[in-house]
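Source file: final_36.cif; contents: mmCIF, C-alpha atoms.
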```
data_structure
#
loop_
_atom_site.label_atom_id
_atom_site.label_comp_id
_atom_site.auth_asym_id
_atom_site.auth_seq_id
_atom_site.Cartn_x
_atom_site.Cartn_y
_atom_site.Cartn_z
CA MET A 1 -5.05 -29.49 -13.44
CA GLU A 2 -5.84 -25.80 -13.02
CA ASN A 3 -6.06 -26.13 -9.22
CA GLU A 4 -2.82 -28.12 -9.15
CA ASN A 5 -1.02 -25.29 -10.94
CA MET A 6 -2.46 -22.70 -8.59
CA HIS A 7 -1.43 -24.78 -5.57
CA ARG A 8 2.09 -24.95 -6.98
CA ILE A 9 2.14 -21.17 -7.48
CA GLN A 10 0.96 -20.66 -3.90
CA ARG A 11 3.48 -23.12 -2.46
CA VAL A 12 6.52 -21.74 -4.31
CA SER A 13 5.42 -18.16 -3.61
CA GLY A 14 5.42 -18.97 0.09
CA ILE A 15 9.04 -20.11 -0.14
CA PHE A 16 10.05 -16.94 -1.96
CA ILE A 17 8.33 -14.77 0.66
CA VAL A 18 10.55 -16.32 3.33
CA LEU A 19 13.63 -15.75 1.16
CA PHE A 20 12.76 -12.10 0.52
CA THR A 21 12.14 -11.54 4.23
CA VAL A 22 15.58 -12.93 5.02
CA PHE A 23 17.15 -10.58 2.45
CA ILE A 24 15.17 -7.55 3.69
CA ILE A 25 16.57 -8.12 7.18
CA GLY A 26 19.96 -9.32 5.99
CA ILE A 27 20.87 -6.43 3.69
CA PRO A 28 21.00 -3.65 6.32
CA VAL A 29 22.57 -5.99 8.89
CA PHE A 30 25.23 -7.15 6.45
CA THR A 31 25.90 -3.57 5.33
CA LEU A 32 26.34 -2.46 8.94
CA LEU A 33 28.66 -5.37 9.77
CA TYR A 34 30.64 -4.82 6.57
CA TRP A 35 31.53 -1.26 7.46
CA LEU A 36 31.89 -2.00 11.18
CA PHE A 37 34.59 -4.58 10.49
CA PHE A 38 35.87 -3.06 7.26
CA ASN A 39 39.42 -2.63 8.51
CA SER A 40 39.65 -6.31 9.49
CA LEU A 41 38.15 -7.74 6.30
CA PRO A 42 40.32 -9.93 4.06
CA ALA A 43 41.42 -8.25 0.80
CA GLY A 44 38.96 -10.25 -1.29
CA PHE A 45 35.98 -8.63 0.46
CA THR A 46 36.88 -5.10 -0.63
CA THR A 47 37.57 -5.65 -4.33
CA GLU A 48 33.96 -4.76 -5.23
CA LEU A 49 34.52 -1.16 -4.15
CA PRO A 50 35.46 1.34 -6.90
CA VAL A 51 38.62 2.45 -5.04
CA SER A 52 40.90 0.87 -2.51
CA ALA A 53 41.62 2.34 0.90
CA LYS A 54 45.33 2.95 1.29
CA GLN A 55 45.04 3.16 5.05
CA THR A 56 42.82 2.12 7.92
CA LEU A 57 39.52 3.94 7.82
CA PRO A 58 38.64 5.98 10.89
CA PRO A 59 35.21 5.45 12.55
CA ALA A 60 33.80 8.70 11.09
CA THR A 61 34.69 7.58 7.55
CA MET A 62 33.21 4.13 8.14
CA THR A 63 30.00 5.72 9.44
CA LEU A 64 29.79 7.93 6.37
CA ALA A 65 30.49 4.97 4.11
CA PHE A 66 27.71 3.02 5.82
CA LEU A 67 25.26 5.88 5.27
CA VAL A 68 26.27 6.13 1.62
CA SER A 69 25.78 2.35 1.28
CA LEU A 70 22.22 2.78 2.47
CA ILE A 71 21.37 4.54 -0.80
CA PRO A 72 21.47 1.41 -3.00
CA ALA A 73 20.54 -0.77 -0.02
CA SER A 74 17.26 1.09 0.53
CA VAL A 75 16.38 0.75 -3.16
CA ALA A 76 17.12 -2.99 -2.93
CA ILE A 77 14.98 -3.31 0.22
CA TYR A 78 12.11 -1.44 -1.45
CA GLY A 79 12.36 -3.78 -4.45
CA LEU A 80 12.36 -6.84 -2.21
CA SER A 81 9.37 -5.51 -0.24
CA THR A 82 7.48 -5.05 -3.50
CA LEU A 83 8.39 -8.58 -4.59
CA LYS A 84 7.21 -9.86 -1.21
CA LYS A 85 3.88 -8.04 -1.67
CA LEU A 86 3.50 -9.52 -5.17
CA PHE A 87 4.17 -13.06 -3.98
CA GLN A 88 1.81 -12.58 -1.03
CA LEU A 89 -0.90 -11.90 -3.60
CA TYR A 90 0.08 -15.13 -5.37
CA THR A 91 -0.26 -17.10 -2.13
CA LYS A 92 -3.86 -15.82 -1.96
CA ALA A 93 -4.39 -17.04 -5.56
CA ILE A 94 -4.67 -13.42 -6.75
CA VAL A 95 -2.80 -13.51 -10.03
CA PHE A 96 -4.35 -10.84 -12.27
CA SER A 97 -5.44 -7.82 -10.30
CA GLU A 98 -4.67 -4.10 -10.17
CA LYS A 99 -2.46 -4.75 -7.16
CA ASN A 100 -0.35 -7.27 -9.13
CA ALA A 101 0.01 -4.79 -12.00
CA ASP A 102 0.96 -2.07 -9.53
CA CYS A 103 3.69 -4.32 -8.06
CA PHE A 104 5.15 -4.96 -11.51
CA ARG A 105 5.12 -1.24 -12.29
CA ARG A 106 6.91 -0.41 -9.05
CA LEU A 107 9.44 -3.20 -9.66
CA GLY A 108 10.23 -1.77 -13.08
CA TYR A 109 10.79 1.72 -11.69
CA THR A 110 12.83 0.23 -8.82
CA LEU A 111 15.19 -1.42 -11.32
CA ILE A 112 15.62 1.94 -13.06
CA ALA A 113 16.15 3.67 -9.71
CA TRP A 114 18.69 0.97 -8.77
CA VAL A 115 20.92 2.02 -11.67
CA PHE A 116 20.99 5.65 -10.57
CA ALA A 117 21.33 4.72 -6.88
CA ASN A 118 24.36 2.61 -7.72
CA MET A 119 25.90 5.40 -9.78
CA ILE A 120 25.47 7.82 -6.89
CA PHE A 121 26.85 5.22 -4.49
CA THR A 122 29.92 4.56 -6.66
CA THR A 123 30.75 8.25 -6.90
CA LEU A 124 30.17 9.04 -3.22
CA ILE A 125 31.91 5.94 -1.83
CA SER A 126 34.98 6.57 -3.98
CA ILE A 127 35.21 10.07 -2.49
CA VAL A 128 34.59 8.86 1.08
CA ILE A 129 37.11 6.01 0.97
CA SER A 130 39.87 7.81 -0.92
CA TYR A 131 39.55 11.09 1.00
CA GLY A 132 42.02 9.85 3.61
CA ASN A 133 44.53 8.79 0.94
CA PRO A 134 47.69 10.79 0.33
CA PRO A 135 47.34 13.74 -2.08
CA GLY A 136 47.33 12.59 -5.65
CA GLU A 137 45.58 9.36 -4.70
CA ARG A 138 42.15 10.77 -3.94
CA MET A 139 39.60 9.77 -6.53
CA MET A 140 36.06 10.35 -7.68
CA VAL A 141 34.70 7.49 -9.78
CA VAL A 142 31.72 7.79 -12.12
CA GLY A 143 30.55 4.57 -13.68
CA PHE A 144 28.00 3.89 -16.41
CA GLY A 145 28.47 0.84 -18.58
CA THR A 146 26.76 -2.04 -20.32
CA SER A 147 25.59 -3.49 -17.02
CA GLU A 148 23.72 -0.27 -16.23
CA ILE A 149 22.24 -0.07 -19.72
CA SER A 150 21.04 -3.70 -19.45
CA THR A 151 19.38 -3.03 -16.10
CA LEU A 152 17.67 0.09 -17.46
CA ILE A 153 16.32 -1.88 -20.43
CA ILE A 154 15.09 -4.68 -18.16
CA GLY A 155 13.44 -2.09 -15.91
CA ALA A 156 11.67 -0.53 -18.90
CA ILE A 157 10.51 -3.98 -20.04
CA VAL A 158 9.09 -4.74 -16.58
CA VAL A 159 7.17 -1.43 -16.65
CA LEU A 160 5.78 -2.45 -20.06
CA VAL A 161 4.81 -5.83 -18.59
CA SER A 162 2.88 -3.95 -15.88
CA TRP A 163 0.86 -2.21 -18.60
CA VAL A 164 0.10 -5.60 -20.15
CA MET A 165 -0.90 -6.87 -16.68
CA ASN A 166 -3.36 -3.96 -16.45
CA GLU A 167 -5.02 -5.20 -19.62
CA ALA A 168 -5.07 -8.71 -18.14
CA THR A 169 -6.78 -7.27 -15.05
CA LYS A 170 -9.57 -5.91 -17.26
CA LEU A 171 -10.00 -9.35 -18.86
CA GLU A 172 -10.06 -11.02 -15.43
CA ASP A 173 -12.64 -8.53 -14.23
CA GLU A 174 -14.74 -9.15 -17.33
CA GLN A 175 -14.47 -12.90 -16.74
CA ALA A 176 -15.43 -12.60 -13.07
CA TYR A 177 -18.63 -10.75 -13.99
CA THR A 178 -19.63 -12.95 -16.92
CA VAL A 179 -22.50 -15.21 -15.93
CA MET B 1 -25.54 0.39 -17.55
CA THR B 2 -28.75 0.75 -19.56
CA ILE B 3 -29.53 -2.99 -19.73
CA ILE B 4 -31.81 -3.86 -16.84
CA VAL B 5 -32.08 -7.44 -15.59
CA ASN B 6 -35.58 -8.29 -14.45
CA LEU B 7 -34.76 -11.77 -13.19
CA ASP B 8 -36.13 -11.06 -9.70
CA VAL B 9 -39.48 -10.07 -11.26
CA GLU B 10 -39.68 -13.34 -13.19
CA LEU B 11 -38.68 -15.33 -10.12
CA ALA B 12 -41.32 -13.56 -8.01
CA LYS B 13 -44.02 -14.35 -10.60
CA ARG B 14 -43.16 -18.03 -10.33
CA LYS B 15 -42.62 -17.87 -6.56
CA MET B 16 -39.14 -19.26 -7.05
CA LYS B 17 -36.09 -18.38 -4.96
CA SER B 18 -32.68 -17.50 -6.44
CA ASN B 19 -30.92 -20.46 -4.88
CA GLU B 20 -33.57 -22.79 -6.27
CA LEU B 21 -33.04 -21.44 -9.79
CA ALA B 22 -29.26 -21.69 -9.33
CA GLN B 23 -29.52 -25.34 -8.32
CA ARG B 24 -31.89 -26.21 -11.15
CA ILE B 25 -29.78 -24.69 -13.91
CA GLY B 26 -26.40 -25.61 -12.41
CA ILE B 27 -24.84 -22.22 -11.82
CA THR B 28 -23.69 -20.75 -8.53
CA GLU B 29 -25.90 -18.60 -6.30
CA GLN B 30 -23.19 -15.96 -6.53
CA ASN B 31 -23.65 -15.76 -10.31
CA ILE B 32 -27.42 -15.42 -9.91
CA SER B 33 -26.80 -12.65 -7.40
CA ILE B 34 -24.40 -10.89 -9.84
CA LEU B 35 -27.11 -11.08 -12.48
CA LYS B 36 -29.93 -9.87 -10.21
CA THR B 37 -27.98 -6.96 -8.77
CA GLY B 38 -26.99 -5.63 -12.20
CA LYS B 39 -23.27 -6.24 -11.69
CA ALA B 40 -22.98 -8.65 -14.60
CA LYS B 41 -20.89 -7.42 -17.52
CA ALA B 42 -21.86 -10.24 -19.84
CA ILE B 43 -24.19 -13.20 -19.97
CA ARG B 44 -23.46 -16.34 -21.94
CA PHE B 45 -26.11 -17.53 -24.35
CA THR B 46 -25.96 -20.92 -22.65
CA THR B 47 -26.85 -19.34 -19.30
CA LEU B 48 -29.64 -17.28 -20.86
CA ASP B 49 -30.91 -20.43 -22.59
CA LEU B 50 -31.00 -22.35 -19.29
CA ILE B 51 -32.79 -19.53 -17.44
CA CYS B 52 -35.44 -19.10 -20.17
CA LYS B 53 -35.98 -22.86 -20.35
CA GLU B 54 -36.40 -23.14 -16.57
CA LEU B 55 -38.63 -20.08 -16.19
CA ASP B 56 -40.45 -20.68 -19.49
CA CYS B 57 -39.94 -17.11 -20.62
CA GLN B 58 -38.32 -15.05 -23.37
CA PRO B 59 -34.94 -13.29 -23.13
CA GLY B 60 -36.84 -10.03 -23.43
CA ASP B 61 -38.69 -10.87 -20.21
CA ILE B 62 -35.39 -10.96 -18.35
CA LEU B 63 -33.40 -8.30 -20.19
CA GLU B 64 -34.70 -4.79 -20.79
CA TYR B 65 -33.06 -1.80 -22.43
CA LYS B 66 -33.75 1.52 -20.77
CA THR B 67 -32.45 4.92 -21.88
#
```
Take the structure in the file and give it back as structure tokens.
Amino acid sequence: MENENMHRIQRVSGIFIVLFTVFIIGIPVFTLLYWLFFNSLPAGFTTELPVSAKQTLPPATMTLAFLVSLIPASVAIYGLSTLKKLFQLYTKAIVFSEKNADCFRRLGYTLIAWVFANMIFTTLISIVISYGNPPGERMMVVGFGTSEISTLIIGAIVVLVSWVMNEATKLEDEQAYTV
Amino acid sequence: MTIIVNLDVELAKRKMKSNELAQRIGITEQNISILKTGKAKAIRFTTLDLICKELDCQPGDILEYKT
């Protein structure tokens, strides 16, 4: 029964590793394509932005917007890389080790960093996009709401879980060297 | 660690190899090696019981406290 569970963990972890790899490659590619074809995108694709562009964005603005988008994108990629590392440990049947605990700790701090990265992104992108708007329609948006608070709390919980995992590592170590 | 494991001494006295002891008492050679090399953090009474029974010795013959 124990081996069956471990095999299941290993199998599912393998699937997630593929998924994370796709996202790690996909995020920067999608971000680049988004800003490259921004002016031709249907209206529904730009509603997620904090401001709307009143006119066609010139190439320089789109380049700047792409660079600004890399701020949250890089945090997301780092988080996904850490998840990939964690699941690679699971595929090797390493469940309670210092490396696992370290991955959880980094994931927690990544979630916290994600909140601030998104706040910076929101503010900068609103400036970049609206800068070309007519006077009186240029905006700087600063956003911090319940979604951000929730993510911060979840991040803190994940960091706490990493501390618990450290204790589990000690137990595992004790178990491994009990004859 | 101030607890010394003298298992190799007791094995040598009886001209027994580690793998032979491992097979006889039903634990892995790796565990015997962990015990012999002083890496063990704990030993179960059941394991100690099996070793003493097989080697016909006392726990004190295998475990020694040194300051």
Could the residues of chain A within 7 Å of chain B, counting only C-alpha atoms, be given as a ChimeraX atom specification, please? /A:174,177-179
Skipping near chain neighbours, those fewer than 4 positions away, what residues fall within 12 Å of Leu55 in chain B using only C-alpha atoms, listed as a list in words?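 In the requested format, the answer is Leu7, Asp8, Val9, Glu10, Leu11, Ala12, Lys13, Arg14, Lys15, Met16, Lys17, Ser18, Glu20, Leu21, Ala22, Arg24, Ile25, Leu48, Asp49, Leu50, Ile51, Pro59, Asp61 and Ile62 of chain B.
For the pair CA of Pro72 in chain A and CA of Ile24 in chain A, the separation is 12.8 Å.
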Care to translate the PyMOL selection byres ((chain A and resi 159-162) around 9) into actual residues of this file, as a VMD selection string? chain A and resid 100 to 109 154 to 158 163 to 167
Keeping only C-alpha atoms, write the selected residues to a file as a PDB file, keeping the file's coordinate frame.
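For reference, result.pdb as written:
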```
ATOM      1  CA  ASN A 100      -0.350  -7.270  -9.130  1.00  0.00           C
ATOM      2  CA  ALA A 101       0.010  -4.790 -12.000  1.00  0.00           C
ATOM      3  CA  ASP A 102       0.960  -2.070  -9.530  1.00  0.00           C
ATOM      4  CA  CYS A 103       3.690  -4.320  -8.060  1.00  0.00           C
ATOM      5  CA  PHE A 104       5.150  -4.960 -11.510  1.00  0.00           C
ATOM      6  CA  ARG A 105       5.120  -1.240 -12.290  1.00  0.00           C
ATOM      7  CA  ARG A 106       6.910  -0.410  -9.050  1.00  0.00           C
ATOM      8  CA  LEU A 107       9.440  -3.200  -9.660  1.00  0.00           C
ATOM      9  CA  GLY A 108      10.230  -1.770 -13.080  1.00  0.00           C
ATOM     10  CA  TYR A 109      10.790   1.720 -11.690  1.00  0.00           C
ATOM     11  CA  ILE A 154      15.090  -4.680 -18.160  1.00  0.00           C
ATOM     12  CA  GLY A 155      13.440  -2.090 -15.910  1.00  0.00           C
ATOM     13  CA  ALA A 156      11.670  -0.530 -18.900  1.00  0.00           C
ATOM     14  CA  ILE A 157      10.510  -3.980 -20.040  1.00  0.00           C
ATOM     15  CA  VAL A 158       9.090  -4.740 -16.580  1.00  0.00           C
ATOM     16  CA  TRP A 163       0.860  -2.210 -18.600  1.00  0.00           C
ATOM     17  CA  VAL A 164       0.100  -5.600 -20.150  1.00  0.00           C
ATOM     18  CA  MET A 165      -0.900  -6.870 -16.680  1.00  0.00           C
ATOM     19  CA  ASN A 166      -3.360  -3.960 -16.450  1.00  0.00           C
ATOM     20  CA  GLU A 167      -5.020  -5.200 -19.620  1.00  0.00           C
TER      21      GLU A 167
END
```
In Å and to one decimal, CA of Leu70 in chain A is distant from CA of Ser150 in chain A by 22.9 Å
Using all atoms listed in the file, what residues lie at most 10 Å away from (38.8, 9.4, 1.6) (file coordinates), given as number ranges by chain? A: 51-55, 57-58, 61, 65, 124-134, 137-140
Which value, in Å to one decimal, gives the distance between CA of Ile112 in chain A and CA of Leu86 in chain A? 18.5 Å
Within 10 Å of (28.1, 4.6, 6.0) in the file's own coordinates, which protein, DNA or RNA residues have an atom, counting all atoms listed in the file? List them as a ChimeraX atom specification. /A:31-32,34-36,59-71,125,128
I'd like the neighbourhood of Ile4 in chain B as JSON, numbers by chain, where a residue qualifies if any of its atoms comes within 8 Å (using all atoms listed in the file), though same-chain residues fewer than 3 positions away should be ignored. {"B": [1, 38, 63, 64, 65, 66]}
One residue among A:Leu152, A:Ala117, A:Met6, A:Val95 is nearest to Ser74 in chain A when using all atoms listed in the file, and that residue is A:Ala117
From A:Leu19, A:Ile9, A:Ile120, A:Thr56, residue lying nearest Phe38 in chain A [all atoms listed in the file]: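 Looking only at the distances to Phe38 in chain A, the closest residue turns out to be A:Thr56.
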Which residues, written as number ranges by chain, have at least one atom at most 9 Å from Gln10 in chain A, with only C-alpha atoms counted and residues fewer than 6 positions away on the same chain left out? A: 87-93
